[in-house]
There are 2 protein chains.
Amino acid sequence: MAFTAEELSSCMKNQAPGSPELSFLSFRGGFHGRTFGSLSCTRSKDIHKIDIPAFNWPAAPFPQLKYPLEEHQKENAAEEARCLEEVEKIIKTWKLPVAGILVEPIQAEGGDNFASPDFFRKLRAIAKKHDIVFIVDEVQTGGGPTGKLWAHEHWNLPEDSPPDMVTFSKKFQAAGFFHNVDTRPGQGYRNFNTWLGDPMRALQMGVIVKEIRDKKLLENVRVTGEYLKAELEDISKETKAIQNVRGQGTFIAFDLKTPEDRDKLVGFMRQAGIQSSGCGTRSVRLRPMLWFQPKHAKIYLDGLRDAIAKLKL
Amino acid sequence: MAFTAEELSSCMKNQAPGSPELSFLSFRGGFHGRTFGSLSCTRSKDIHKIDIPAFNWPAAPFPQLKYPLEEHQKENAAEEARCLEEVEKIIKTWKLPVAGILVEPIQAEGGDNFASPDFFRKLRAIAKKHDIVFIVDEVQTGGGPTGKLWAHEHWNLPEDSPPDMVTFSKKFQAAGFFHNVDTRPGQGYRNFNTWLGDPMRALQMGVIVKEIRDKKLLENVRVTGEYLKAELEDISKETKAIQNVRGQGTFIAFDLKTPEDRDKLVGFMRQAGIQSSGCGTRSVRLRPMLWFQPKHAKIYLDGLRDAIAKLKL
């Protein structure tokens, strides 16, 4: 029996209502996971995207700041302004309507790239101006490692402009998102699945949040983070082996001069029993537990000093 | 600062390697979930697809069989042959290469639509001939309701041609997929996430499988299913109120004459304390627990007879 031209054509287009031609804007260097929709927004490494089709969605540049921040204020402000201009240009010229902006508070997989609270406030304002959903991906930053429960709390967004949606996972064990009431679908069962949110994981997350509060772990993260960052900046000045020390809370990273140096350093640290993982092309990132204290940080820093000495041999 | 034509063009295309222009074939009436990639393959109802972009992937017709099967053998065989022809036509003419075929053993959300083992054997052979990954979506059918642990066991596929991948969830509590070694990625960390398979759920699934075996629940499903189907066929003949009784194990459905009759019947049943859910436009589906026995089925059938009597008033 024949396959008619009409039938082929009806297969070609997804039937209305549904499946609109919309796009999502994300940033070069961003990582938003590996499932189909989020992978289209992931822009950190090719390895994640091999073999898997992607939506033709736009990638904006994410600011590449220079360190120390206090010595490059003018340049960094110009770099952030340039990226925001490009975001608006994409929104105005992209061949599909841009329905959402998806951004990490700190680009983690991409190399621990930071931007200023001012950048994020302006980005949020652009989204609002163009009536675009503003989604903050806090899978890595949520749950306390920056010294606040959510990294976007550092931005001081206007009270009437919180993120439209925030995603979370990792530190909370439970994975999910929360969103403002405006983004709740009008019809029942639009946001639905068999497990309806996995109540057991939600309970587990509740216990984790209680622990964070009871044990004042955010305060501990702030104290430890300040100590760690100051010591790393000292090591940077003394040895010149590590550069671009940057961080919020204990969510800290620094660069080696080359990818080879970075890999060697991570190896020396591992031999000394210290887990120290790379990110980006030549960065080392710190991701300690929330109860990591200055006394633990001291062990790390001593190990790092030894590893740097070996690197110079 | 300007957004150069080169930069815009580099945003337009996803960079190689990665993000190839490939498509997936699924069937009209199929439901494969609501996440981005699987939603592109879902073809049951518009409500699931509203507002959400989709890949431009092809939908093939799924056989629409006539009941009772023994009275429509020739027509049904012709209908299945027509659908298979259209599948091959799509594979040969679709504007993107077809990388996979995704099919439910029984289209559940779409209205409990069945096809013969012969149809699935031939579909699997088409996938093999064109070197296309053949994925069986057993989210609804897996775990025993058809009287076998996997519905595709009813097909008697050649030993060297099992499905390339099988997805599961629901009855197993754990959600996931298993696949043959040929579809394992060559590089490490290609199939990776933070939770690496959720070991607690895997243990839970192991306990469920042990219960199914120890309590001989598949045998129970077969016995109860045969009883239920025979009784429903009797009710169909006696009352003419229900039609197209069809099923495998206790995965059984029947049609009312109109959507209004169906909704009324489901209402009467609910008033009598019997949960009885609709599917498709005018079908009622049965999805009892695996330990549902003829004595429980009798309560259901008595309630159904009463509801049908009310329907005629």
# chains A, B, ... in the order shown; residues from 1 in each chain; ligands from 1
>>> residues_around(residues="stretch 154-159 of chain A", least_positions_apart="2", cutoff="6 Å", atoms="only C-alpha atoms", output="PyMOL selection string")
chain A and resi 117+121+151-152+161
>>> write_last_selection(atoms="N, CA and C atoms", output="PDB file, in the first residue's frame")
ATOM      1  N   PRO A 117      28.103  40.053  40.283  1.00  0.00           N
ATOM      2  CA  PRO A 117      26.668  40.202  40.562  1.00  0.00           C
ATOM      3  C   PRO A 117      26.028  41.204  39.594  1.00  0.00           C
ATOM      4  N   ARG A 121      22.655  40.690  37.406  1.00  0.00           N
ATOM      5  CA  ARG A 121      21.483  41.581  37.547  1.00  0.00           C
ATOM      6  C   ARG A 121      21.064  42.116  36.178  1.00  0.00           C
ATOM      7  N   ALA A 151      23.679  30.214  45.112  1.00  0.00           N
ATOM      8  CA  ALA A 151      24.681  31.186  44.644  1.00  0.00           C
ATOM      9  C   ALA A 151      24.007  32.468  44.158  1.00  0.00           C
ATOM     10  N   HIS A 152      22.780  32.367  43.613  1.00  0.00           N
ATOM     11  CA  HIS A 152      22.153  33.586  43.079  1.00  0.00           C
ATOM     12  C   HIS A 152      21.756  34.553  44.194  1.00  0.00           C
ATOM     13  N   SER A 161      12.125  40.433  40.977  1.00  0.00           N
ATOM     14  CA  SER A 161      12.765  39.731  39.858  1.00  0.00           C
ATOM     15  C   SER A 161      13.662  38.587  40.304  1.00  0.00           C
TER      16      SER A 161
END
>>> calpha_fit_and_write(fixed="chain B", moving="chain A", output="tab-separated table (two decimals) with C-alpha atoms, in the first residue's frame")
chain	number	residue	atom	x	y	z
A	1	MET	CA	31.63	45.82	21.00
A	2	ALA	CA	30.35	44.25	17.80
A	3	PHE	CA	28.93	40.80	17.31
A	4	THR	CA	30.77	39.65	14.19
A	5	ALA	CA	29.16	37.69	11.36
A	6	GLU	CA	31.68	34.89	12.04
A	7	GLU	CA	30.68	34.69	15.68
A	8	LEU	CA	26.98	34.60	14.84
A	9	SER	CA	27.61	31.90	12.26
A	10	SER	CA	29.63	29.82	14.74
A	11	CYS	CA	26.70	30.03	17.15
A	12	MET	CA	24.31	29.00	14.38
A	13	LYS	CA	25.83	25.57	13.88
A	14	ASN	CA	26.69	23.21	16.64
A	15	GLN	CA	30.42	22.60	16.35
A	16	ALA	CA	31.75	19.23	15.19
A	17	PRO	CA	32.33	16.71	16.63
A	18	GLY	CA	28.90	16.31	18.10
A	19	SER	CA	25.24	17.16	17.56
A	20	PRO	CA	24.77	15.29	14.28
A	21	GLU	CA	21.60	15.77	12.25
A	22	LEU	CA	19.96	12.41	12.94
A	23	SER	CA	16.35	11.43	13.49
A	24	PHE	CA	14.42	8.80	15.45
A	25	LEU	CA	11.37	6.98	14.13
A	26	SER	CA	8.42	6.39	16.42
A	27	PHE	CA	4.77	5.47	15.85
A	28	ARG	CA	1.61	7.56	15.76
A	29	GLY	CA	-0.19	7.01	19.04
A	30	GLY	CA	3.04	6.20	20.89
A	31	PHE	CA	3.95	7.69	24.28
A	32	HIS	CA	7.60	7.69	25.34
A	33	GLY	CA	7.66	10.24	28.14
A	34	ARG	CA	7.90	13.99	28.48
A	35	THR	CA	11.59	14.84	28.58
A	36	PHE	CA	12.84	16.64	25.47
A	37	GLY	CA	14.22	13.79	23.39
A	38	SER	CA	11.58	11.24	24.26
A	39	LEU	CA	8.79	13.82	23.91
A	40	SER	CA	9.82	14.29	20.29
A	41	CYS	CA	8.94	10.58	19.88
A	42	THR	CA	5.66	10.85	21.83
A	43	ARG	CA	2.66	10.99	19.48
A	44	SER	CA	-0.34	10.21	21.68
A	45	LYS	CA	-1.88	13.56	22.69
A	46	ASP	CA	-1.24	17.24	21.91
A	47	ILE	CA	-1.43	18.18	25.61
A	48	HIS	CA	2.02	16.68	26.25
A	49	LYS	CA	3.68	18.67	23.48
A	50	ILE	CA	2.28	22.18	24.02
A	51	ASP	CA	4.96	24.89	24.47
A	52	ILE	CA	7.86	22.43	24.16
A	53	PRO	CA	10.10	22.44	21.07
A	54	ALA	CA	10.56	19.10	19.33
A	55	PHE	CA	13.00	17.57	16.90
A	56	ASN	CA	11.61	17.14	13.40
A	57	TRP	CA	11.50	13.35	13.58
A	58	PRO	CA	9.21	10.98	11.68
A	59	ALA	CA	6.06	9.21	12.97
A	60	ALA	CA	4.99	5.97	11.29
A	61	PRO	CA	1.47	4.53	11.46
A	62	PHE	CA	0.93	1.82	14.09
A	63	PRO	CA	-1.40	-1.05	13.07
A	64	GLN	CA	-5.07	-0.51	13.88
A	65	LEU	CA	-6.27	-4.11	14.31
A	66	LYS	CA	-9.87	-5.29	14.17
A	67	TYR	CA	-11.41	-7.56	16.82
A	68	PRO	CA	-12.08	-10.39	17.42
A	69	LEU	CA	-8.68	-11.20	15.90
A	70	GLU	CA	-9.75	-14.66	14.62
A	71	GLU	CA	-12.45	-13.06	12.44
A	72	HIS	CA	-10.15	-10.48	10.83
A	73	GLN	CA	-6.93	-12.34	10.14
A	74	LYS	CA	-6.52	-11.29	6.51
A	75	GLU	CA	-7.42	-7.63	7.05
A	76	ASN	CA	-5.14	-7.38	10.09
A	77	ALA	CA	-2.21	-8.95	8.25
A	78	ALA	CA	-2.68	-6.45	5.41
A	79	GLU	CA	-2.83	-3.55	7.91
A	80	GLU	CA	0.43	-4.67	9.54
A	81	ALA	CA	2.09	-5.06	6.12
A	82	ARG	CA	0.98	-1.53	5.18
A	83	CYS	CA	2.53	-0.06	8.36
A	84	LEU	CA	5.82	-1.93	7.82
A	85	GLU	CA	5.97	-0.66	4.22
A	86	GLU	CA	5.54	2.89	5.48
A	87	VAL	CA	8.30	2.39	8.05
A	88	GLU	CA	10.70	1.36	5.29
A	89	LYS	CA	9.57	4.22	3.08
A	90	ILE	CA	10.27	6.73	5.86
A	91	ILE	CA	13.71	5.21	6.49
A	92	LYS	CA	14.57	5.56	2.79
A	93	THR	CA	13.10	9.05	2.23
A	94	TRP	CA	13.35	10.98	5.50
A	95	LYS	CA	15.51	14.08	5.07
A	96	LEU	CA	17.71	13.11	8.03
A	97	PRO	CA	19.24	9.65	8.55
A	98	VAL	CA	17.01	7.55	10.81
A	99	ALA	CA	19.27	6.44	13.70
A	100	GLY	CA	16.71	4.58	15.80
A	101	ILE	CA	13.25	3.06	15.94
A	102	LEU	CA	11.38	3.43	19.22
A	103	VAL	CA	8.28	1.31	19.80
A	104	GLU	CA	6.02	0.16	22.63
A	105	PRO	CA	5.04	-3.55	22.61
A	106	ILE	CA	1.52	-2.33	23.40
A	107	GLN	CA	0.71	1.34	22.74
A	108	ALA	CA	-0.66	2.14	26.17
A	109	GLU	CA	-1.38	5.90	26.42
A	110	GLY	CA	-2.47	5.73	22.78
A	111	GLY	CA	-5.39	3.42	23.61
A	112	ASP	CA	-3.98	-0.08	24.30
A	113	ASN	CA	-3.18	-0.80	20.67
A	114	PHE	CA	-1.72	-4.25	19.97
A	115	ALA	CA	0.18	-5.69	17.03
A	116	SER	CA	1.13	-9.30	16.34
A	117	PRO	CA	4.49	-10.95	17.21
A	118	ASP	CA	4.95	-11.27	13.43
A	119	PHE	CA	4.72	-7.47	13.06
A	120	PHE	CA	7.43	-6.93	15.66
A	121	ARG	CA	9.71	-9.63	14.23
A	122	LYS	CA	9.50	-7.94	10.83
A	123	LEU	CA	10.01	-4.49	12.35
A	124	ARG	CA	13.12	-5.74	14.16
A	125	ALA	CA	14.39	-7.22	10.85
A	126	ILE	CA	13.88	-3.87	9.07
A	127	ALA	CA	15.91	-2.11	11.77
A	128	LYS	CA	18.69	-4.68	11.43
A	129	LYS	CA	18.69	-4.49	7.63
A	130	HIS	CA	19.13	-0.71	7.73
A	131	ASP	CA	21.56	-0.80	10.69
A	132	ILE	CA	19.19	1.19	12.87
A	133	VAL	CA	19.08	0.89	16.68
A	134	PHE	CA	15.90	-0.91	17.74
A	135	ILE	CA	14.59	0.32	21.10
A	136	VAL	CA	11.65	-1.29	22.88
A	137	ASP	CA	9.91	1.00	25.37
A	138	GLU	CA	8.71	-1.33	28.14
A	139	VAL	CA	7.94	1.37	30.72
A	140	GLN	CA	4.30	0.19	30.88
A	141	THR	CA	4.67	-3.43	29.72
A	142	GLY	CA	7.85	-4.43	31.60
A	143	GLY	CA	7.79	-6.19	34.95
A	144	GLY	CA	5.11	-8.80	34.40
A	145	PRO	CA	1.65	-7.43	33.51
A	146	THR	CA	1.61	-9.24	30.14
A	147	GLY	CA	2.40	-12.58	31.81
A	148	LYS	CA	6.10	-12.47	30.92
A	149	LEU	CA	8.75	-10.33	32.59
A	150	TRP	CA	9.19	-8.41	29.30
A	151	ALA	CA	6.43	-8.10	26.70
A	152	HIS	CA	8.97	-8.53	23.89
A	153	GLU	CA	9.51	-12.12	25.09
A	154	HIS	CA	6.14	-12.86	23.44
A	155	TRP	CA	7.66	-12.07	20.02
A	156	ASN	CA	10.11	-14.99	19.77
A	157	LEU	CA	12.78	-12.80	18.19
A	158	PRO	CA	15.69	-14.70	16.60
A	159	GLU	CA	18.38	-15.39	19.19
A	160	ASP	CA	20.89	-13.13	17.42
A	161	SER	CA	18.40	-10.23	17.22
A	162	PRO	CA	17.20	-9.15	20.66
A	163	PRO	CA	16.19	-5.49	21.03
A	164	ASP	CA	19.23	-3.18	21.06
A	165	MET	CA	17.85	-1.35	24.09
A	166	VAL	CA	14.92	-1.87	26.45
A	167	THR	CA	13.59	0.90	28.72
A	168	PHE	CA	11.76	0.22	31.97
A	169	SER	CA	10.20	1.96	34.99
A	170	LYS	CA	6.84	1.78	36.85
A	171	LYS	CA	6.47	-1.81	38.11
A	172	PHE	CA	10.24	-1.98	38.73
A	173	GLN	CA	10.26	1.30	40.73
A	174	ALA	CA	13.76	1.92	39.34
A	175	ALA	CA	13.72	3.62	35.93
A	176	GLY	CA	16.37	2.92	33.33
A	177	PHE	CA	17.36	0.89	30.34
A	178	PHE	CA	19.48	-2.10	29.43
A	179	HIS	CA	21.24	-2.54	26.12
A	180	ASN	CA	23.42	-4.91	24.15
A	181	VAL	CA	27.20	-4.54	24.13
A	182	ASP	CA	27.26	-3.20	20.54
A	183	THR	CA	25.59	0.01	21.72
A	184	ARG	CA	28.11	0.62	24.52
A	185	PRO	CA	30.07	3.82	23.75
A	186	GLY	CA	33.74	3.27	22.95
A	187	GLN	CA	35.04	5.98	25.29
A	188	GLY	CA	34.72	6.04	29.09
A	189	TYR	CA	32.40	8.56	30.73
A	190	ARG	CA	30.14	8.88	27.66
A	191	ASN	CA	27.26	7.34	29.60
A	192	PHE	CA	27.73	9.07	32.94
A	193	ASN	CA	26.08	11.12	35.61
A	194	THR	CA	26.62	12.04	39.24
A	195	TRP	CA	24.43	9.26	40.64
A	196	LEU	CA	25.70	6.53	38.33
A	197	GLY	CA	22.50	4.48	38.29
A	198	ASP	CA	21.09	5.06	41.76
A	199	PRO	CA	22.24	1.84	43.50
A	200	MET	CA	19.48	2.02	46.13
A	201	ARG	CA	16.79	1.84	43.44
A	202	ALA	CA	18.66	-0.99	41.74
A	203	LEU	CA	18.58	-2.96	45.00
A	204	GLN	CA	14.86	-2.20	45.34
A	205	MET	CA	14.33	-3.52	41.79
A	206	GLY	CA	16.25	-6.68	42.68
A	207	VAL	CA	13.87	-7.33	45.58
A	208	ILE	CA	10.86	-6.78	43.31
A	209	VAL	CA	12.18	-9.28	40.74
A	210	LYS	CA	12.80	-11.81	43.55
A	211	GLU	CA	9.22	-11.39	44.79
A	212	ILE	CA	7.89	-11.89	41.24
A	213	ARG	CA	9.84	-15.17	41.02
A	214	ASP	CA	9.30	-16.47	44.56
A	215	LYS	CA	5.56	-15.83	44.54
A	216	LYS	CA	5.18	-17.09	40.92
A	217	LEU	CA	3.40	-13.85	40.07
A	218	LEU	CA	3.81	-14.23	36.29
A	219	GLU	CA	1.88	-17.52	36.47
A	220	ASN	CA	-0.81	-15.74	38.48
A	221	VAL	CA	-0.98	-12.96	35.86
A	222	ARG	CA	-1.48	-15.55	33.11
A	223	VAL	CA	-4.24	-17.39	34.99
A	224	THR	CA	-6.06	-14.22	36.04
A	225	GLY	CA	-5.62	-12.68	32.58
A	226	GLU	CA	-7.18	-15.65	30.81
A	227	TYR	CA	-10.14	-15.65	33.19
A	228	LEU	CA	-10.65	-11.89	32.88
A	229	LYS	CA	-10.42	-11.85	29.09
A	230	ALA	CA	-12.83	-14.79	28.65
A	231	GLU	CA	-15.35	-13.17	30.99
A	232	LEU	CA	-15.02	-9.79	29.25
A	233	GLU	CA	-15.57	-11.47	25.88
A	234	ASP	CA	-18.73	-13.05	27.28
A	235	ILE	CA	-19.94	-9.67	28.53
A	236	SER	CA	-19.17	-8.22	25.10
A	237	LYS	CA	-21.24	-10.90	23.34
A	238	GLU	CA	-24.11	-10.72	25.86
A	239	THR	CA	-24.49	-6.98	26.21
A	240	LYS	CA	-22.89	-5.52	23.05
A	241	ALA	CA	-22.04	-2.56	25.34
A	242	ILE	CA	-18.31	-3.25	25.25
A	243	GLN	CA	-16.29	-4.07	22.13
A	244	ASN	CA	-12.81	-4.94	20.98
A	245	VAL	CA	-11.76	-6.86	24.09
A	246	ARG	CA	-8.00	-7.25	23.73
A	247	GLY	CA	-5.09	-8.04	25.98
A	248	GLN	CA	-2.04	-9.99	27.04
A	249	GLY	CA	-1.89	-11.26	30.63
A	250	THR	CA	-3.83	-8.74	32.71
A	251	PHE	CA	-2.79	-5.90	30.35
A	252	ILE	CA	-6.36	-5.81	28.98
A	253	ALA	CA	-8.58	-3.14	27.44
A	254	PHE	CA	-11.95	-2.82	25.76
A	255	ASP	CA	-13.83	-0.04	24.00
A	256	LEU	CA	-17.16	1.57	24.66
A	257	LYS	CA	-19.22	2.79	21.71
A	258	THR	CA	-18.51	6.48	22.38
A	259	PRO	CA	-16.16	8.60	24.52
A	260	GLU	CA	-19.26	9.75	26.48
A	261	ASP	CA	-20.27	6.14	27.27
A	262	ARG	CA	-16.70	5.42	28.36
A	263	ASP	CA	-16.59	8.40	30.73
A	264	LYS	CA	-19.99	7.47	32.19
A	265	LEU	CA	-18.91	3.85	32.75
A	266	VAL	CA	-15.69	4.91	34.49
A	267	GLY	CA	-17.83	7.19	36.69
A	268	PHE	CA	-20.29	4.42	37.66
A	269	MET	CA	-17.38	2.11	38.47
A	270	ARG	CA	-15.76	4.75	40.65
A	271	GLN	CA	-19.03	5.28	42.55
A	272	ALA	CA	-18.97	1.53	43.26
A	273	GLY	CA	-15.42	1.84	44.64
A	274	ILE	CA	-13.65	0.39	41.60
A	275	GLN	CA	-10.77	2.30	40.03
A	276	SER	CA	-11.02	1.87	36.28
A	277	SER	CA	-9.07	4.22	34.07
A	278	GLY	CA	-9.61	5.32	30.49
A	279	CYS	CA	-7.08	5.39	27.70
A	280	GLY	CA	-7.30	6.49	24.07
A	281	THR	CA	-10.58	8.15	23.14
A	282	ARG	CA	-13.14	5.47	24.11
A	283	SER	CA	-11.18	2.67	25.79
A	284	VAL	CA	-11.07	1.38	29.36
A	285	ARG	CA	-7.83	-0.23	30.47
A	286	LEU	CA	-7.06	-2.75	33.21
A	287	ARG	CA	-3.77	-2.41	35.08
A	288	PRO	CA	-4.09	-4.57	38.21
A	289	MET	CA	-1.24	-5.44	40.58
A	290	LEU	CA	0.64	-8.66	39.78
A	291	TRP	CA	-1.05	-10.49	42.70
A	292	PHE	CA	-4.55	-9.73	41.36
A	293	GLN	CA	-6.33	-13.12	41.38
A	294	PRO	CA	-9.53	-14.52	39.83
A	295	LYS	CA	-11.34	-13.88	43.14
A	296	HIS	CA	-10.44	-10.19	42.87
A	297	ALA	CA	-11.28	-10.19	39.16
A	298	LYS	CA	-14.77	-11.48	40.02
A	299	ILE	CA	-15.43	-8.37	42.14
A	300	TYR	CA	-14.33	-6.21	39.20
A	301	LEU	CA	-16.51	-8.11	36.71
A	302	ASP	CA	-19.60	-7.92	38.94
A	303	GLY	CA	-19.06	-4.18	39.27
A	304	LEU	CA	-18.62	-3.87	35.51
A	305	ARG	CA	-21.88	-5.76	34.82
A	306	ASP	CA	-23.74	-3.42	37.21
A	307	ALA	CA	-22.18	-0.34	35.58
A	308	ILE	CA	-23.16	-1.55	32.09
A	309	ALA	CA	-26.75	-2.08	33.29
A	310	LYS	CA	-26.80	1.53	34.57
A	311	LEU	CA	-25.39	2.72	31.24
A	312	LYS	CA	-28.41	1.29	29.41
A	313	LEU	CA	-30.99	3.03	31.63
>>> select_by_dssp(residues="stretch 21-243 of chain B", states="helix (DSSP H, G or I)", output="NGL selection string")
:B and (36-41 or 46-48 or 69-71 or 73-93 or 117-129 or 151-155 or 170-172 or 181-183 or 199-214 or 217-239)
>>> write_last_selection(atoms="C-alpha atoms", output="CSV table (one decimal), in the first residue's frame")
chain,number,residue,atom,x,y,z
B,36,PHE,CA,12.8,16.6,25.5
B,37,GLY,CA,14.2,13.8,23.4
B,38,SER,CA,11.6,11.2,24.3
B,39,LEU,CA,8.8,13.8,23.9
B,40,SER,CA,9.8,14.3,20.3
B,41,CYS,CA,9.0,10.6,19.9
B,46,ASP,CA,-1.3,17.2,21.9
B,47,ILE,CA,-1.5,18.1,25.6
B,48,HIS,CA,2.0,16.6,26.2
B,69,LEU,CA,-8.7,-11.2,15.9
B,70,GLU,CA,-9.8,-14.6,14.6
B,71,GLU,CA,-12.5,-13.0,12.4
B,73,GLN,CA,-6.9,-12.3,10.1
B,74,LYS,CA,-6.5,-11.3,6.5
B,75,GLU,CA,-7.4,-7.6,7.0
B,76,ASN,CA,-5.1,-7.4,10.1
B,77,ALA,CA,-2.2,-9.0,8.2
B,78,ALA,CA,-2.7,-6.4,5.4
B,79,GLU,CA,-2.8,-3.6,7.9
B,80,GLU,CA,0.4,-4.7,9.5
B,81,ALA,CA,2.1,-5.1,6.1
B,82,ARG,CA,1.0,-1.5,5.2
B,83,CYS,CA,2.6,-0.1,8.4
B,84,LEU,CA,5.8,-1.9,7.8
B,85,GLU,CA,6.0,-0.7,4.2
B,86,GLU,CA,5.6,2.9,5.5
B,87,VAL,CA,8.3,2.4,8.0
B,88,GLU,CA,10.7,1.3,5.3
B,89,LYS,CA,9.6,4.2,3.1
B,90,ILE,CA,10.3,6.7,5.9
B,91,ILE,CA,13.7,5.2,6.5
B,92,LYS,CA,14.6,5.5,2.8
B,93,THR,CA,13.1,9.0,2.2
B,117,PRO,CA,4.5,-10.9,17.2
B,118,ASP,CA,4.9,-11.3,13.4
B,119,PHE,CA,4.7,-7.5,13.1
B,120,PHE,CA,7.4,-6.9,15.7
B,121,ARG,CA,9.7,-9.6,14.2
B,122,LYS,CA,9.5,-8.0,10.8
B,123,LEU,CA,10.0,-4.5,12.3
B,124,ARG,CA,13.1,-5.7,14.1
B,125,ALA,CA,14.4,-7.2,10.8
B,126,ILE,CA,13.9,-3.9,9.1
B,127,ALA,CA,15.9,-2.1,11.8
B,128,LYS,CA,18.7,-4.7,11.4
B,129,LYS,CA,18.7,-4.5,7.6
B,151,ALA,CA,6.4,-8.1,26.7
B,152,HIS,CA,9.0,-8.5,23.9
B,153,GLU,CA,9.5,-12.1,25.1
B,154,HIS,CA,6.1,-12.9,23.4
B,155,TRP,CA,7.7,-12.1,20.0
B,170,LYS,CA,6.8,1.8,36.8
B,171,LYS,CA,6.5,-1.8,38.1
B,172,PHE,CA,10.2,-2.0,38.7
B,181,VAL,CA,27.2,-4.5,24.1
B,182,ASP,CA,27.3,-3.2,20.6
B,183,THR,CA,25.6,0.0,21.7
B,199,PRO,CA,22.2,1.8,43.5
B,200,MET,CA,19.5,2.0,46.1
B,201,ARG,CA,16.8,1.8,43.4
B,202,ALA,CA,18.7,-1.0,41.7
B,203,LEU,CA,18.6,-3.0,45.0
B,204,GLN,CA,14.9,-2.2,45.3
B,205,MET,CA,14.3,-3.6,41.8
B,206,GLY,CA,16.3,-6.7,42.7
B,207,VAL,CA,13.9,-7.4,45.6
B,208,ILE,CA,10.9,-6.8,43.3
B,209,VAL,CA,12.2,-9.3,40.7
B,210,LYS,CA,12.8,-11.8,43.5
B,211,GLU,CA,9.2,-11.4,44.8
B,212,ILE,CA,7.9,-11.9,41.2
B,213,ARG,CA,9.8,-15.2,41.0
B,214,ASP,CA,9.3,-16.5,44.5
B,217,LEU,CA,3.4,-13.9,40.1
B,218,LEU,CA,3.8,-14.3,36.3
B,219,GLU,CA,1.8,-17.5,36.5
B,220,ASN,CA,-0.8,-15.7,38.5
B,221,VAL,CA,-1.0,-13.0,35.8
B,222,ARG,CA,-1.5,-15.6,33.1
B,223,VAL,CA,-4.3,-17.4,35.0
B,224,THR,CA,-6.1,-14.2,36.0
B,225,GLY,CA,-5.6,-12.7,32.6
B,226,GLU,CA,-7.2,-15.7,30.8
B,227,TYR,CA,-10.2,-15.7,33.2
B,228,LEU,CA,-10.7,-11.9,32.9
B,229,LYS,CA,-10.5,-11.8,29.1
B,230,ALA,CA,-12.8,-14.8,28.6
B,231,GLU,CA,-15.4,-13.2,31.0
B,232,LEU,CA,-15.0,-9.8,29.2
B,233,GLU,CA,-15.6,-11.4,25.9
B,234,ASP,CA,-18.8,-13.0,27.3
B,235,ILE,CA,-20.0,-9.6,28.5
B,236,SER,CA,-19.2,-8.2,25.1
B,237,LYS,CA,-21.3,-10.8,23.4
B,238,GLU,CA,-24.1,-10.7,25.9
B,239,THR,CA,-24.5,-6.9,26.2
>>> select_by_dssp(residues="stretch 47-252 of chain A", states="strand (DSSP E)", output="MDAnalysis selection string")
chainID A and resid 59:60 98:103 133:137 165:168 176:179 243:248 251:252
